[in-house]
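Structure, as structure tokens:
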Protein chains: 2
Amino acid sequence: MPLHPHSSEVLLLDEGFEALIDKNLFPFTMRYLNEAGELTQSQNIKAIITNGAIGLPEKLFDNLPALEMISVFGVGIDRIPLEKVRDKKIKISTTGSISADEVADSALMFLLNLKRNFLKNTAWMKDGSWEKMGEPPLGHSVKNAKIGIVGFGSIGQAIAHRVKALGASVRYYNRSDRGASFQREASLERLAEWSDSLILAIAGTEETSHLIDENILKKLGQNGLLINIARGSVIDEIALISALKHKIIKGAGLDVFQTEPQINPEFYTLSNCILQPHQGSAALETRQAMAMNVIDNLKAYFMHKPLLTPLKGFS
Amino acid sequence: MPLHPHSSEVLLLDEGFEALIDKNLFPFTMRYLNEAGELTQSQNIKAIITNGAIGLPEKLFDNLPALEMISVFGVGIDRIPLEKVRDKKIKISTTGSISADEVADSALMFLLNLKRNFLKNTAWMKDGSWEKMGEPPLGHSVKNAKIGIVGFGSIGQAIAHRVKALGASVRYYNRSDRGASFQREASLERLAEWSDSLILAIAGTEETSHLIDENILKKLGQNGLLINIARGSVIDEIALISALKHKIIKGAGLDVFQTEPQINPEFYTLSNCILQPHQGSAALETRQAMAMNVIDNLKAYFMHKPLLTPLKGFS
């Protein structure tokens with residue numbers, strides 16, 4: 001069945017990703033919000049494209065009477081009014097596990113950089129310490145390290161696959177058991193106690209808000225590393241900053257923050273914390289694949305086919 | 001057969017690694033050079049422990065009439081008078097492939113940091129660009145990247161194993177064929193042409209000196225990355241600095257340099273080059289395992305057993 005572009009008016013909430021879309025492959029009539037962020041005409045908009053950072057403001061949602069389909073660039077759904085989406089039987093897709101490998105690579109990069117002191121080593125050269133003082137303090141191996149993964153969906157499993165290839169031991173914490181290849185700990189506390197490095201790969205929901213608190217950081221302990229490539233909301237940042245300041249844990253690598261891009265400025269003052277501006281999936285090849293998937297989900301919808309990567313739990 | 005410590009006087013040329021040796025496990029009588037780097041008494045020294053950076057100066061070698069055994073901490077043998085060692089039938093061991101996994105992790109760390117712009121991303125946050133300008137320029141995936149490995153011994157193979165686990169394609173260049181798991185290119189030139197990232201894992205010998213020259217860098221090309229965790233001598237550094245300055249290649253990650261620790265200061269001025277002070281194997285756990293291996297080779301020698309990790313080609 002052919003597409004009917006004129007009956008398929010699509011609203012793009014995220015200008016940034018337009019550059020990634022090949023217009024020749026994009027047969028829809030596209031519209032943007034005006035400069036004030038308002039919609040002048042909304043009667044014909046059947047679908048929207050958005051991302052995790054923008055989501056779908058409720059006021060806008062209420063202004064889209066013809067909305068049938070939401071295609072999310074990424075996996076973040078915490079800023080979409082999901083109850084209303086469900087009530088109105090609107091279809092919704094994310095890019096699913098397409099970015100899982102890229103995000104897992106980011107986690108591995110943080111792990112190697114922290115274990116092996118990469119930023120400190122580069123600084124050791126630049127300030128002349130190598131010549132004056134010889135070798136910098138030794139780092140630690142990823143091999144034989146104990147890596148605890150919180151959340152064992154596609155990203156968590158991709159991380160497990162990688163660190164296992166480097167010779168590390170892996171355990172995880174997840175509501176449901178994800179099979180016998182890796183050991184599941186009965187509680188997050190127990191996982192934190194066992195781990196020397198805790199990697200967060202769990203969805204940012206109300207349930208997981210501030211999951212990593214003072215108690216969990218204490219369990220992780222003074223040799224422990226914390227890596228977050230999930231969502232900033234998963235960590236109680238005040239507790240984390242305190243733990244880093246007082247060496248309750250050894251270090252942290254953060255890709256995401258409770259407030260982005262204006263993060264808590266104290267993070268910049270901590271020498272045992274390395275930071276990246278939400279770049280988990282930020283490789284051209286992966287962002288292009290995600291953009292294609294966003295479009296392919298829309299096409300599938302308008303051609304009355306099943307969505308490629310529907311959001312679980314929504315039909 | 002028990003060890004006879006008094007007949008086993010050992011000279012340590014490397015003070016730095018003494019800290020890694022558990023003295024209770026070290027039954028030998030140890031001696032050091034005096035402050036002037038001279039040896040006052042040398043008649044009873046049957047064995048020495050050295051490393052790749054110090055090697056064994058020929059003058060010292062000629063002063064050790066009782067020398068029977070050289071135990072090298074690491075794999076660097078370019079500063080040892082190997083012909084004389086062979087002529088006098090002196091036994092020699094290195095730490096073999098014990099550090100291969102650690103060095104391979106270093107290569108992977110460089111690859112991820114270069115592909116994903118880690119240092120630029122951290123700077124993007126610190127100077128406030130995230131707030132002012134939004135997301136930094138996108139990096140590139142390791143997944144589906146074309147990784148060329150130069151030298152396919154234990155380190156090269158450990159690198160291949162890792163990048164394959166991340167979904168990259170691997171080819172290699174090595175004098176001898178190392179089996180069918182990965183494709184061997186007939187020449188270094190062809191490997192450089194095929195690769196988007198070239199990782200050097202080849203021994204530093206006279207033969208491999210300046211193997212990476214202007215020609216190979218041109219073949220690697222303007223999207224190409226060069227990573228060296230082998231020996232500084234393998235690269236023509238003047239050609240590399242020029243290639244980085246004029247964007248003949250895209251970037252480089254260097255763990256080793258022709259002169260260490262006083263490196264060519266131009267490296268510090270290149271924004272597309274990331275540097276580490278020879279930390280390939282620098283994890284406490286691995287250095288400890290290497291130290292144990294150094295001792296175990298000595299023990300084996302004095303107990304008339306085969307060396308654990310003899311240098312290939314010496315008996």
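Residues are referred to by chain and number: the chain letter is A, B, ... according to the order shown in the structure tokens, the number counts from 1 in that chain, and ligands are numbered separately from 1 in the order shown.
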Transformed chain A, reference chain B, in-order C-alpha pairing, as a tab-separated table (two decimals) with C-alpha atoms, in the first residue's frame:
```
chain	number	residue	atom	x	y	z
A	1	MET	CA	65.82	-29.16	44.46
A	2	PRO	CA	66.07	-26.31	46.99
A	3	LEU	CA	67.27	-22.85	46.07
A	4	HIS	CA	70.72	-21.75	47.24
A	5	PRO	CA	70.27	-18.05	47.87
A	6	HIS	CA	73.92	-17.37	48.67
A	7	SER	CA	75.05	-18.71	45.39
A	8	SER	CA	72.30	-16.76	43.65
A	9	GLU	CA	73.35	-13.14	43.84
A	10	VAL	CA	71.02	-11.08	41.67
A	11	LEU	CA	71.55	-7.55	40.42
A	12	LEU	CA	68.47	-5.34	40.07
A	13	LEU	CA	68.79	-2.63	37.46
A	14	ASP	CA	65.28	-1.29	37.97
A	15	GLU	CA	64.55	0.15	41.40
A	16	GLY	CA	61.03	1.14	40.49
A	17	PHE	CA	59.66	-2.35	40.39
A	18	GLU	CA	61.13	-3.40	43.75
A	19	ALA	CA	57.92	-2.15	45.39
A	20	LEU	CA	55.98	-4.75	43.46
A	21	ILE	CA	58.04	-7.69	44.71
A	22	ASP	CA	56.98	-9.49	47.85
A	23	LYS	CA	60.31	-9.88	49.65
A	24	ASN	CA	59.13	-13.05	51.39
A	25	LEU	CA	58.83	-14.68	48.02
A	26	PHE	CA	62.22	-13.42	46.91
A	27	PRO	CA	64.99	-15.66	48.33
A	28	PHE	CA	67.84	-14.11	46.37
A	29	THR	CA	70.60	-11.83	47.59
A	30	MET	CA	69.84	-8.58	45.80
A	31	ARG	CA	72.29	-5.85	44.83
A	32	TYR	CA	71.91	-2.49	43.16
A	33	LEU	CA	74.28	-0.30	41.24
A	34	ASN	CA	75.79	2.49	43.36
A	35	GLU	CA	74.61	6.08	42.94
A	36	ALA	CA	76.99	6.69	40.09
A	37	GLY	CA	75.42	3.75	38.30
A	38	GLU	CA	78.58	1.68	38.80
A	39	LEU	CA	79.11	-1.80	40.10
A	40	THR	CA	81.73	-2.18	42.81
A	41	GLN	CA	81.81	-5.97	43.00
A	42	SER	CA	80.54	-8.07	40.18
A	43	GLN	CA	82.24	-11.45	40.48
A	44	ASN	CA	79.34	-13.33	42.08
A	45	ILE	CA	76.42	-11.90	40.14
A	46	LYS	CA	74.82	-14.77	38.29
A	47	ALA	CA	71.59	-13.09	37.26
A	48	ILE	CA	70.14	-9.67	36.63
A	49	ILE	CA	66.66	-8.24	36.62
A	50	THR	CA	66.09	-5.35	34.26
A	51	ASN	CA	63.33	-3.77	32.18
A	52	GLY	CA	62.86	-2.51	28.66
A	53	ALA	CA	63.70	1.11	29.40
A	54	ILE	CA	67.03	0.34	31.12
A	55	GLY	CA	68.01	-2.79	29.26
A	56	LEU	CA	71.60	-3.91	29.87
A	57	PRO	CA	74.35	-1.46	28.91
A	58	GLU	CA	77.19	-3.26	27.08
A	59	LYS	CA	79.83	-1.89	29.45
A	60	LEU	CA	77.98	-3.40	32.38
A	61	PHE	CA	77.48	-6.65	30.53
A	62	ASP	CA	81.24	-6.90	29.98
A	63	ASN	CA	81.71	-6.40	33.75
A	64	LEU	CA	79.61	-9.40	34.74
A	65	PRO	CA	81.87	-12.44	34.19
A	66	ALA	CA	79.57	-14.83	36.10
A	67	LEU	CA	76.31	-13.75	34.43
A	68	GLU	CA	74.14	-16.75	33.51
A	69	MET	CA	70.62	-15.38	33.40
A	70	ILE	CA	68.74	-12.18	32.47
A	71	SER	CA	65.14	-11.79	33.64
A	72	VAL	CA	63.39	-8.89	31.89
A	73	PHE	CA	60.42	-7.12	33.46
A	74	GLY	CA	58.24	-6.44	30.41
A	75	VAL	CA	58.78	-7.37	26.78
A	76	GLY	CA	61.24	-4.69	25.65
A	77	ILE	CA	64.59	-6.19	24.60
A	78	ASP	CA	65.89	-3.51	22.26
A	79	ARG	CA	68.41	-2.21	24.85
A	80	ILE	CA	70.00	-5.59	25.60
A	81	PRO	CA	73.14	-6.69	23.69
A	82	LEU	CA	71.42	-9.78	22.30
A	83	GLU	CA	74.31	-10.97	20.15
A	84	LYS	CA	76.61	-11.11	23.19
A	85	VAL	CA	73.88	-12.81	25.20
A	86	ARG	CA	73.59	-15.46	22.52
A	87	ASP	CA	77.36	-15.88	22.13
A	88	LYS	CA	77.82	-16.50	25.85
A	89	LYS	CA	74.78	-18.81	25.99
A	90	ILE	CA	73.18	-16.71	28.70
A	91	LYS	CA	69.56	-17.54	29.47
A	92	ILE	CA	67.04	-14.76	29.00
A	93	SER	CA	63.38	-14.42	29.86
A	94	THR	CA	60.80	-11.68	29.40
A	95	THR	CA	57.35	-11.51	31.00
A	96	GLY	CA	55.99	-12.79	27.70
A	97	SER	CA	52.29	-12.38	27.15
A	98	ILE	CA	51.39	-11.70	30.81
A	99	SER	CA	50.72	-8.04	30.08
A	100	ALA	CA	49.03	-8.63	26.71
A	101	ASP	CA	45.47	-8.14	28.00
A	102	GLU	CA	46.38	-4.95	29.85
A	103	VAL	CA	48.16	-3.45	26.86
A	104	ALA	CA	45.26	-4.46	24.61
A	105	ASP	CA	42.89	-2.67	27.01
A	106	SER	CA	45.05	0.43	26.62
A	107	ALA	CA	44.73	0.21	22.85
A	108	LEU	CA	40.96	-0.14	23.16
A	109	MET	CA	40.84	2.85	25.51
A	110	PHE	CA	42.71	4.98	22.97
A	111	LEU	CA	40.41	3.76	20.19
A	112	LEU	CA	37.21	4.62	22.09
A	113	ASN	CA	38.57	7.97	23.26
A	114	LEU	CA	39.54	8.95	19.72
A	115	LYS	CA	36.45	7.64	17.94
A	116	ARG	CA	34.07	9.14	20.48
A	117	ASN	CA	35.95	12.43	21.10
A	118	PHE	CA	36.16	11.87	24.84
A	119	LEU	CA	38.72	14.57	25.65
A	120	LYS	CA	36.94	17.10	23.44
A	121	ASN	CA	33.62	16.23	25.07
A	122	THR	CA	34.94	16.74	28.59
A	123	ALA	CA	36.36	20.11	27.50
A	124	TRP	CA	32.99	20.98	25.88
A	125	MET	CA	31.39	20.70	29.30
A	126	LYS	CA	34.10	22.47	31.28
A	127	ASP	CA	34.14	25.59	29.12
A	128	GLY	CA	30.35	25.92	29.21
A	129	SER	CA	29.76	25.03	25.55
A	130	TRP	CA	27.04	22.51	26.38
A	131	GLU	CA	24.87	25.25	27.88
A	132	LYS	CA	25.70	27.81	25.20
A	133	MET	CA	25.87	25.73	22.05
A	134	GLY	CA	24.15	22.43	22.75
A	135	GLU	CA	25.51	19.07	21.77
A	136	PRO	CA	29.15	18.78	20.65
A	137	PRO	CA	30.05	17.42	17.19
A	138	LEU	CA	29.21	13.72	16.81
A	139	GLY	CA	31.88	11.07	17.10
A	140	HIS	CA	32.08	7.78	15.23
A	141	SER	CA	31.22	4.18	16.05
A	142	VAL	CA	33.74	1.47	16.78
A	143	LYS	CA	30.99	-0.91	15.62
A	144	ASN	CA	31.52	-1.67	11.93
A	145	ALA	CA	34.80	0.27	11.95
A	146	LYS	CA	37.76	-1.17	10.05
A	147	ILE	CA	40.57	-1.86	12.49
A	148	GLY	CA	43.98	-2.76	11.12
A	149	ILE	CA	46.44	-4.33	13.55
A	150	VAL	CA	50.17	-4.20	12.82
A	151	GLY	CA	51.91	-7.13	14.48
A	152	PHE	CA	49.75	-10.07	15.45
A	153	GLY	CA	51.43	-11.61	18.48
A	154	SER	CA	49.69	-12.00	21.83
A	155	ILE	CA	48.95	-8.27	22.15
A	156	GLY	CA	47.70	-7.85	18.59
A	157	GLN	CA	45.45	-10.87	18.96
A	158	ALA	CA	44.10	-9.61	22.30
A	159	ILE	CA	43.23	-6.31	20.62
A	160	ALA	CA	41.49	-8.17	17.77
A	161	HIS	CA	39.42	-10.16	20.27
A	162	ARG	CA	38.29	-6.93	21.98
A	163	VAL	CA	37.36	-4.84	18.97
A	164	LYS	CA	35.58	-7.82	17.42
A	165	ALA	CA	33.45	-8.01	20.59
A	166	LEU	CA	32.50	-4.38	19.88
A	167	GLY	CA	31.40	-5.28	16.35
A	168	ALA	CA	34.38	-3.96	14.40
A	169	SER	CA	36.03	-5.63	11.41
A	170	VAL	CA	39.65	-6.67	11.88
A	171	ARG	CA	42.52	-7.33	9.52
A	172	TYR	CA	46.20	-7.57	10.34
A	173	TYR	CA	49.69	-7.39	8.97
A	174	ASN	CA	52.31	-9.81	10.28
A	175	ARG	CA	55.33	-11.51	8.74
A	176	SER	CA	53.82	-14.94	9.31
A	177	ASP	CA	50.17	-15.95	8.94
A	178	ARG	CA	48.47	-16.25	12.32
A	179	GLY	CA	45.51	-18.40	11.35
A	180	ALA	CA	42.17	-18.05	9.71
A	181	SER	CA	40.10	-16.15	12.32
A	182	PHE	CA	41.19	-12.80	10.92
A	183	GLN	CA	42.29	-11.75	7.46
A	184	ARG	CA	45.98	-11.08	6.91
A	185	GLU	CA	46.87	-8.34	4.44
A	186	ALA	CA	49.84	-9.01	2.17
A	187	SER	CA	51.49	-5.67	2.96
A	188	LEU	CA	51.39	-2.90	5.53
A	189	GLU	CA	50.45	-0.49	2.72
A	190	ARG	CA	47.37	-2.50	1.86
A	191	LEU	CA	46.37	-2.76	5.51
A	192	ALA	CA	46.70	1.02	5.92
A	193	GLU	CA	44.57	1.60	2.82
A	194	TRP	CA	41.81	-0.67	4.12
A	195	SER	CA	41.82	0.55	7.74
A	196	ASP	CA	40.13	3.53	9.32
A	197	SER	CA	42.18	2.90	12.45
A	198	LEU	CA	45.67	1.43	12.52
A	199	ILE	CA	46.86	-0.02	15.83
A	200	LEU	CA	50.57	-0.76	16.26
A	201	ALA	CA	51.38	-3.88	18.29
A	202	ILE	CA	54.69	-4.87	16.75
A	203	ALA	CA	58.04	-5.31	18.51
A	204	GLY	CA	60.51	-2.44	18.41
A	205	THR	CA	63.49	-3.80	16.48
A	206	GLU	CA	65.90	-2.46	13.88
A	207	GLU	CA	63.67	-3.98	11.20
A	208	THR	CA	60.53	-2.20	12.41
A	209	SER	CA	62.22	1.17	13.00
A	210	HIS	CA	60.17	3.95	11.32
A	211	LEU	CA	57.86	1.36	9.79
A	212	ILE	CA	55.10	3.99	9.95
A	213	ASP	CA	56.35	6.70	7.64
A	214	GLU	CA	54.93	9.43	5.40
A	215	ASN	CA	53.83	6.87	2.81
A	216	ILE	CA	51.87	4.69	5.26
A	217	LEU	CA	50.25	7.76	6.85
A	218	LYS	CA	49.07	8.91	3.41
A	219	LYS	CA	47.57	5.48	2.79
A	220	LEU	CA	45.76	5.63	6.13
A	221	GLY	CA	44.24	8.89	4.95
A	222	GLN	CA	42.33	11.87	6.28
A	223	ASN	CA	39.72	9.87	8.18
A	224	GLY	CA	42.34	7.58	9.65
A	225	LEU	CA	43.40	7.16	13.26
A	226	LEU	CA	46.79	5.85	14.40
A	227	ILE	CA	47.29	4.20	17.80
A	228	ASN	CA	50.69	3.15	19.15
A	229	ILE	CA	50.98	1.01	22.27
A	230	ALA	CA	54.10	-0.79	20.96
A	231	ARG	CA	57.39	1.14	20.85
A	232	GLY	CA	58.07	4.75	19.87
A	233	SER	CA	60.77	3.67	17.40
A	234	VAL	CA	58.13	2.11	15.14
A	235	ILE	CA	56.93	5.57	14.03
A	236	ASP	CA	58.79	8.29	12.13
A	237	GLU	CA	57.64	10.99	14.54
A	238	ILE	CA	58.56	13.91	12.30
A	239	ALA	CA	56.35	12.45	9.58
A	240	LEU	CA	53.56	11.80	12.08
A	241	ILE	CA	53.64	15.33	13.50
A	242	SER	CA	53.48	16.73	9.98
A	243	ALA	CA	50.58	14.41	9.08
A	244	LEU	CA	48.64	15.48	12.18
A	245	LYS	CA	49.33	19.16	11.53
A	246	HIS	CA	48.23	19.03	7.92
A	247	LYS	CA	45.29	16.66	8.46
A	248	ILE	CA	46.87	13.95	6.31
A	249	ILE	CA	45.41	11.69	9.00
A	250	LYS	CA	42.61	12.54	11.41
A	251	GLY	CA	44.14	11.79	14.78
A	252	ALA	CA	46.52	9.73	16.88
A	253	GLY	CA	46.72	8.13	20.31
A	254	LEU	CA	50.25	7.57	21.59
A	255	ASP	CA	51.39	5.62	24.62
A	256	VAL	CA	55.04	5.43	23.57
A	257	PHE	CA	57.59	7.77	22.05
A	258	GLN	CA	61.01	7.70	20.41
A	259	THR	CA	62.50	9.47	23.40
A	260	GLU	CA	60.97	8.97	26.82
A	261	PRO	CA	60.16	10.75	29.03
A	262	GLN	CA	61.44	13.83	27.14
A	263	ILE	CA	59.19	13.63	24.12
A	264	ASN	CA	59.04	15.90	21.09
A	265	PRO	CA	57.22	18.95	22.53
A	266	GLU	CA	55.27	19.45	19.31
A	267	PHE	CA	53.02	16.57	20.36
A	268	TYR	CA	51.63	18.77	23.12
A	269	THR	CA	50.48	21.37	20.59
A	270	LEU	CA	48.37	19.01	18.47
A	271	SER	CA	44.66	19.04	19.30
A	272	ASN	CA	44.09	15.83	17.32
A	273	CYS	CA	46.63	13.78	19.29
A	274	ILE	CA	46.03	12.21	22.71
A	275	LEU	CA	48.96	11.13	24.86
A	276	GLN	CA	49.72	8.86	27.79
A	277	PRO	CA	53.10	8.39	29.55
A	278	HIS	CA	53.92	4.76	28.56
A	279	GLN	CA	51.12	3.22	30.63
A	280	GLY	CA	50.28	0.27	28.38
A	281	SER	CA	50.61	-2.34	31.14
A	282	ALA	CA	50.23	0.10	34.05
A	283	ALA	CA	47.69	-1.60	36.27
A	284	LEU	CA	48.70	-2.73	39.73
A	285	GLU	CA	47.36	-6.26	39.27
A	286	THR	CA	49.23	-6.77	36.00
A	287	ARG	CA	52.49	-5.24	37.20
A	288	GLN	CA	52.33	-7.55	40.24
A	289	ALA	CA	51.79	-10.56	37.99
A	290	MET	CA	54.73	-9.43	35.86
A	291	ALA	CA	56.94	-9.07	38.96
A	292	MET	CA	55.99	-12.58	40.09
A	293	ASN	CA	56.84	-13.89	36.66
A	294	VAL	CA	60.26	-12.20	36.74
A	295	ILE	CA	60.96	-13.95	40.04
A	296	ASP	CA	59.51	-17.27	38.92
A	297	ASN	CA	61.79	-17.27	35.89
A	298	LEU	CA	64.80	-16.72	38.16
A	299	LYS	CA	63.65	-19.46	40.52
A	300	ALA	CA	63.17	-21.84	37.64
A	301	TYR	CA	66.67	-21.09	36.41
A	302	PHE	CA	68.34	-21.62	39.76
A	303	MET	CA	66.34	-24.83	40.30
A	304	HIS	CA	67.51	-26.10	36.91
A	305	LYS	CA	64.02	-26.15	35.48
A	306	PRO	CA	62.92	-24.73	32.12
A	307	LEU	CA	62.23	-20.99	32.14
A	308	LEU	CA	58.52	-20.16	32.27
A	309	THR	CA	58.67	-17.51	29.56
A	310	PRO	CA	62.04	-17.76	27.78
A	311	LEU	CA	62.78	-15.25	25.06
A	312	LYS	CA	62.02	-16.93	21.75
A	313	GLY	CA	65.10	-17.88	19.79
A	314	PHE	CA	67.39	-18.10	22.85
A	315	SER	CA	68.00	-21.39	24.60
```
DSSP on the backbone, strand (DSSP E or B) only: what residues of region 158-302 of chain A does that give? Format it as JSON, numbers by chain.
{"A": [169, 170, 171, 172, 173, 183, 184, 197, 198, 199, 200, 212, 225, 226, 227, 228, 235, 251, 252, 253, 254, 273, 274, 275, 283]}
Taking the DSSP assignment computed from this structure's backbone, write out as a list in words all residues of region 51-119 of chain B that belong to alpha helix (DSSP H).
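Checking each residue of region 51-119 of chain B, the alpha helix (DSSP H) ones are Glu58, Lys59, Leu60, Phe61, Asp62, Leu82, Glu83, Lys84, Val85, Arg86, Asp87, Ala100, Asp101, Glu102, Val103, Ala104, Asp105, Ser106, Ala107, Leu108, Met109, Phe110, Leu111, Leu112, Asn113, Leu114, Lys115, Phe118 and Leu119 of chain B.
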Grab the residues selected above and save them as a PDB file, in the first residue's frame with C-alpha atoms.
```pdb
ATOM      1  CA  GLU B  58      77.194  -3.300  27.087  1.00  0.00           C
ATOM      2  CA  LYS B  59      79.834  -1.908  29.443  1.00  0.00           C
ATOM      3  CA  LEU B  60      77.979  -3.416  32.379  1.00  0.00           C
ATOM      4  CA  PHE B  61      77.480  -6.672  30.526  1.00  0.00           C
ATOM      5  CA  ASP B  62      81.247  -6.923  29.978  1.00  0.00           C
ATOM      6  CA  LEU B  82      71.413  -9.824  22.315  1.00  0.00           C
ATOM      7  CA  GLU B  83      74.322 -11.051  20.163  1.00  0.00           C
ATOM      8  CA  LYS B  84      76.608 -11.170  23.191  1.00  0.00           C
ATOM      9  CA  VAL B  85      73.875 -12.854  25.212  1.00  0.00           C
ATOM     10  CA  ARG B  86      73.569 -15.486  22.530  1.00  0.00           C
ATOM     11  CA  ASP B  87      77.345 -15.946  22.148  1.00  0.00           C
ATOM     12  CA  ALA B 100      49.028  -8.658  26.677  1.00  0.00           C
ATOM     13  CA  ASP B 101      45.480  -8.164  27.966  1.00  0.00           C
ATOM     14  CA  GLU B 102      46.385  -4.989  29.825  1.00  0.00           C
ATOM     15  CA  VAL B 103      48.159  -3.467  26.822  1.00  0.00           C
ATOM     16  CA  ALA B 104      45.255  -4.474  24.582  1.00  0.00           C
ATOM     17  CA  ASP B 105      42.887  -2.687  26.980  1.00  0.00           C
ATOM     18  CA  SER B 106      45.056   0.420  26.586  1.00  0.00           C
ATOM     19  CA  ALA B 107      44.735   0.204  22.814  1.00  0.00           C
ATOM     20  CA  LEU B 108      40.953  -0.142  23.126  1.00  0.00           C
ATOM     21  CA  MET B 109      40.844   2.841  25.492  1.00  0.00           C
ATOM     22  CA  PHE B 110      42.701   4.976  22.945  1.00  0.00           C
ATOM     23  CA  LEU B 111      40.399   3.768  20.167  1.00  0.00           C
ATOM     24  CA  LEU B 112      37.215   4.603  22.075  1.00  0.00           C
ATOM     25  CA  ASN B 113      38.564   7.963  23.249  1.00  0.00           C
ATOM     26  CA  LEU B 114      39.544   8.950  19.706  1.00  0.00           C
ATOM     27  CA  LYS B 115      36.441   7.639  17.930  1.00  0.00           C
ATOM     28  CA  PHE B 118      36.161  11.858  24.839  1.00  0.00           C
ATOM     29  CA  LEU B 119      38.717  14.565  25.655  1.00  0.00           C
TER      30      LEU B 119
END
```
